[in-house]
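Undergrad: Following this line is upload_2.cif, made up of mmCIF, C-alpha atoms:
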```
data_start
#
loop_
_atom_site.label_atom_id
_atom_site.label_comp_id
_atom_site.auth_asym_id
_atom_site.auth_seq_id
_atom_site.Cartn_x
_atom_site.Cartn_y
_atom_site.Cartn_z
CA MET A 849 -3.67 24.69 12.01
CA ILE A 850 -6.57 24.52 14.46
CA ARG A 851 -6.02 23.70 18.11
CA PRO A 852 -7.95 23.98 21.37
CA ALA A 853 -7.20 27.19 23.22
CA ALA A 854 -4.92 27.06 26.25
CA PRO A 855 -4.75 29.43 29.23
CA ALA A 856 -1.75 31.16 27.64
CA ASP A 857 -4.04 32.16 24.73
CA ILE A 858 -6.25 34.39 26.87
CA PRO A 859 -4.47 37.66 25.94
CA VAL A 860 -4.71 36.95 22.21
CA ILE A 861 -8.34 35.81 22.50
CA HIS A 862 -9.10 39.06 24.33
CA THR A 863 -7.39 41.04 21.57
CA LEU A 864 -9.24 39.13 18.84
CA ILE A 865 -12.57 39.78 20.59
CA ARG A 866 -11.76 43.50 20.61
CA GLU A 867 -10.88 43.33 16.90
CA LEU A 868 -14.17 41.56 16.18
CA ALA A 869 -16.09 44.21 18.12
CA GLU A 870 -14.39 46.92 16.06
CA TYR A 871 -15.29 45.10 12.84
CA GLU A 872 -18.91 44.79 14.01
CA LYS A 873 -18.97 48.53 14.82
CA ALA A 874 -19.59 47.93 18.53
CA PRO A 875 -16.27 48.27 20.40
CA HIS A 876 -18.05 49.80 23.40
CA GLU A 877 -19.99 46.56 23.91
CA ALA A 878 -16.91 44.34 24.29
CA ARG A 879 -16.41 44.66 28.04
CA ALA A 880 -15.11 41.21 28.97
CA THR A 881 -11.82 41.19 30.85
CA GLU A 882 -9.01 38.69 30.44
CA GLN A 883 -9.83 37.34 33.91
CA GLN A 884 -13.47 36.80 32.97
CA LEU A 885 -12.40 34.97 29.82
CA HIS A 886 -9.96 32.83 31.79
CA ASP A 887 -12.64 31.90 34.31
CA ALA A 888 -15.21 31.15 31.57
CA LEU A 889 -12.84 28.97 29.56
CA PHE A 890 -10.56 27.42 32.18
CA GLY A 891 -12.18 27.92 35.58
CA ASP A 892 -13.57 25.24 37.86
CA HIS A 893 -16.80 25.11 35.84
CA PRO A 894 -16.01 26.17 32.26
CA ALA A 895 -18.96 27.83 30.56
CA ALA A 896 -17.40 28.00 27.10
CA HIS A 897 -14.67 26.59 24.91
CA ALA A 898 -12.38 28.07 22.29
CA HIS A 899 -10.24 27.01 19.39
CA ILE A 900 -7.37 28.95 17.88
CA ALA A 901 -6.55 29.20 14.18
CA ALA A 902 -2.80 29.55 13.80
CA ASP A 903 -0.77 30.48 10.75
CA ASP A 904 0.63 27.28 9.24
CA THR A 905 4.08 28.81 8.76
CA THR A 906 4.63 30.96 11.85
CA GLY A 907 2.21 29.37 14.30
CA ALA A 908 0.95 32.86 15.21
CA PRO A 909 -2.75 33.02 16.15
CA VAL A 910 -4.79 34.56 13.33
CA GLY A 911 -8.31 33.74 14.46
CA PHE A 912 -10.52 31.99 16.96
CA ALA A 913 -13.87 30.35 17.57
CA LEU A 914 -15.54 30.65 20.98
CA TRP A 915 -18.46 28.33 21.58
CA PHE A 916 -20.63 26.64 24.18
CA LEU A 917 -23.13 23.81 24.35
CA ASN A 918 -26.83 24.38 23.93
CA PHE A 919 -29.65 21.85 24.00
CA SER A 920 -32.51 21.12 21.62
CA THR A 921 -35.64 19.92 23.34
CA TRP A 922 -36.99 18.87 19.93
CA ARG A 923 -33.99 16.73 19.04
CA GLY A 924 -33.18 15.71 22.60
CA VAL A 925 -29.46 16.29 22.19
CA HIS A 926 -26.84 18.98 22.66
CA GLY A 927 -25.62 21.27 19.94
CA ILE A 928 -22.88 23.85 19.66
CA TYR A 929 -23.64 27.54 19.68
CA LEU A 930 -20.81 29.48 18.07
CA GLU A 931 -20.65 32.79 19.91
CA ASP A 932 -17.71 34.25 18.00
CA LEU A 933 -15.83 33.32 14.85
CA TYR A 934 -13.15 35.75 13.75
CA VAL A 935 -10.17 35.63 11.44
CA ARG A 936 -7.92 38.65 11.11
CA PRO A 937 -8.37 40.45 7.76
CA THR A 938 -4.75 39.75 6.78
CA ALA A 939 -5.36 36.00 7.14
CA ARG A 940 -8.75 35.77 5.45
CA GLY A 941 -9.07 33.62 2.36
CA ALA A 942 -6.47 31.11 3.57
CA GLY A 943 -9.01 28.61 4.92
CA HIS A 944 -8.82 29.41 8.64
CA GLY A 945 -12.53 30.19 9.03
CA LYS A 946 -13.53 27.02 7.20
CA ALA A 947 -11.05 25.00 9.27
CA LEU A 948 -12.54 26.37 12.51
CA LEU A 949 -16.08 25.53 11.40
CA THR A 950 -14.94 22.12 10.18
CA GLU A 951 -13.47 21.39 13.61
CA LEU A 952 -16.70 22.36 15.35
CA ALA A 953 -18.77 20.32 12.88
CA HIS A 954 -16.44 17.38 13.56
CA LEU A 955 -17.08 17.76 17.30
CA CYS A 956 -20.82 17.74 16.63
CA VAL A 957 -20.64 14.61 14.50
CA THR A 958 -18.34 12.63 16.81
CA ARG A 959 -20.21 13.59 19.97
CA GLY A 960 -23.71 13.11 18.55
CA TYR A 961 -24.70 16.77 18.74
CA GLY A 962 -27.60 17.74 16.50
CA ARG A 963 -26.79 21.33 15.53
CA LEU A 964 -24.09 23.89 14.94
CA GLU A 965 -25.65 27.34 15.16
CA TRP A 966 -24.54 30.96 15.17
CA SER A 967 -25.76 34.45 14.39
CA VAL A 968 -24.46 36.82 11.75
CA LEU A 969 -25.16 40.51 11.30
CA ASP A 970 -27.48 41.07 8.36
CA TRP A 971 -25.08 43.58 6.77
CA ASN A 972 -22.10 41.19 6.85
CA ARG A 973 -22.51 39.94 3.28
CA PRO A 974 -18.99 38.43 3.02
CA ALA A 975 -19.67 36.23 6.07
CA ILE A 976 -23.16 35.32 4.87
CA ASN A 977 -21.80 34.27 1.48
CA PHE A 978 -19.07 32.23 3.16
CA TYR A 979 -21.50 30.44 5.49
CA GLU A 980 -23.93 29.68 2.69
CA SER A 981 -21.08 28.28 0.58
CA LEU A 982 -20.61 25.68 3.33
CA GLY A 983 -24.28 24.70 3.25
CA ALA A 984 -25.46 26.77 6.23
CA ARG A 985 -28.91 28.27 5.86
CA PRO A 986 -30.46 31.27 7.62
CA GLN A 987 -33.28 30.71 10.06
CA ASP A 988 -35.42 33.53 8.67
CA GLU A 989 -38.50 32.69 10.71
CA TRP A 990 -36.74 33.37 14.01
CA THR A 991 -36.04 36.76 15.59
CA VAL A 992 -33.43 37.02 18.33
CA TYR A 993 -34.45 38.87 21.48
CA ARG A 994 -32.10 40.01 24.21
CA LEU A 995 -32.36 41.52 27.67
CA THR A 996 -29.29 43.40 28.93
CA ASP A 997 -28.26 46.19 31.23
CA GLU A 998 -31.17 48.23 32.67
CA ALA A 999 -33.96 46.11 31.13
CA LEU A 1000 -32.40 42.90 32.50
CA THR A 1001 -31.93 44.43 35.93
CA LYS A 1002 -35.48 45.79 35.98
CA LEU A 1003 -37.03 42.44 35.11
CA GLY A 1004 -34.66 40.47 37.33
CA THR A 1005 -35.42 42.56 40.39
CA ALA A 1006 -39.19 42.83 39.87
#
```
Could you render the structure from this file as structure tokens?
TA:
Amino acid sequence: MIRPAAPADIPVIHTLIRELAEYEKAPHEARATEQQLHDALFGDHPAAHAHIAADDTTGAPVGFALWFLNFSTWRGVHGIYLEDLYVRPTARGAGHGKALLTELAHLCVTRGYGRLEWSVLDWNRPAINFYESLGARPQDEWTVYRLTDEALTKLGTA
């Protein structure tokens, strides 16, 4: 079962983000607070959206997708950037990840968005195989760059 996240889901989303950070070997980088997540998802000007994957029998959350809109100047339309997709290891293989991606693809199609994009760590072969089985293809010619922390502050205050 896939459903839009509700404010009551913030604690479980926060926990799932921490679990994802552990899986990606970067728990120290997951610094978002529950209040920040609440404000980003349900504040006066939401910056992101989330969907919950729930166990079909118990209804317990087993995964989530957190996403936001981007824009393609070449296509002239919005797209969805999937920031996080995570399904707990105990629930993997039951179709929750595919159901989350299917829901986001459905949003793209019904709203006229031109792309559904995300990043995956190059060592995460199970995820890469899963994404490619759905027809997703890597964008090998692009390299992601990022400014954070001291470098961001230095440039932003120059």
Undergrad: Can you tell me, as a PyMOL selection string, which residues sit within 8 Å of (-10.3, 30.6, 19.3) in the file's frame, using all atoms listed in the file?
TA: chain A and resi 852-853+861+898-901+911-914+933
Undergrad: Figure out the distance between atom CA of Asn972 of chain A and atom CA of Arg879 of chain A, please, to one decimal in Å.
TA: 22.2 Å
Undergrad: Nearest residue to Gly943 of chain A out of A:Trp990, A:Phe978, A:Phe890, A:Tyr961, using all atoms listed in the file?
TA: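 Looking only at the distances to Gly943 of chain A, the closest residue turns out to be A:Phe978.
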Undergrad: Report as a list in words the residues that result from applying the PyMOL selection byres ((chain A and resi 858) around 9) to the structure here.
TA: Ala853, Ala854, Pro855, Ala856, Asp857, Pro859, Val860, Ile861, His862, Thr863, Glu882, Gln883, Leu885, His886 and Leu889 of chain A
Undergrad: Quick one: distance from atom CA of His926 of chain A to atom CA of Gly962 of chain A in Å, one decimal?
TA: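 Atom-to-atom, atom CA of His926 of chain A and atom CA of Gly962 of chain A are spaced 6.3 Å apart.
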Undergrad: Tell me which residues the PyMOL selection byres ((chain A and resi 916) around 9) grabs here, as a count of residues only.
TA: 13
Undergrad: Could you state the separation of atom CA of Arg963 of chain A and atom CA of Ala975 of chain A in Å, given to one decimal place?
TA: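 Between atom CA of Arg963 of chain A and atom CA of Ala975 of chain A the gap works out to 19.0 Å.
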Undergrad: Around the point (-31.7, 30.4, 8.2) in the file's coordinates, collect all residues with an atom within 12 Å, using only C-alpha atoms, and return them as a ChimeraX atom specification.
TA: /A:965-968,970,976,979-980,983-991
Undergrad: Starting from the PyMOL selection byres ((chain A and resi 939) around 10), expand the selection into actual residues of this file and give them as a ChimeraX atom specification.
TA: /A:901-903,909-911,935-938,940-945
Undergrad: Of the candidates A:Leu982, A:Leu964, A:Ala869, A:Leu864, which shows the shortest atom-to-atom distance to Phe919 of chain A, using all atoms listed in the file?
TA: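 Among the listed residues, A:Leu964 lies closest to Phe919 of chain A.
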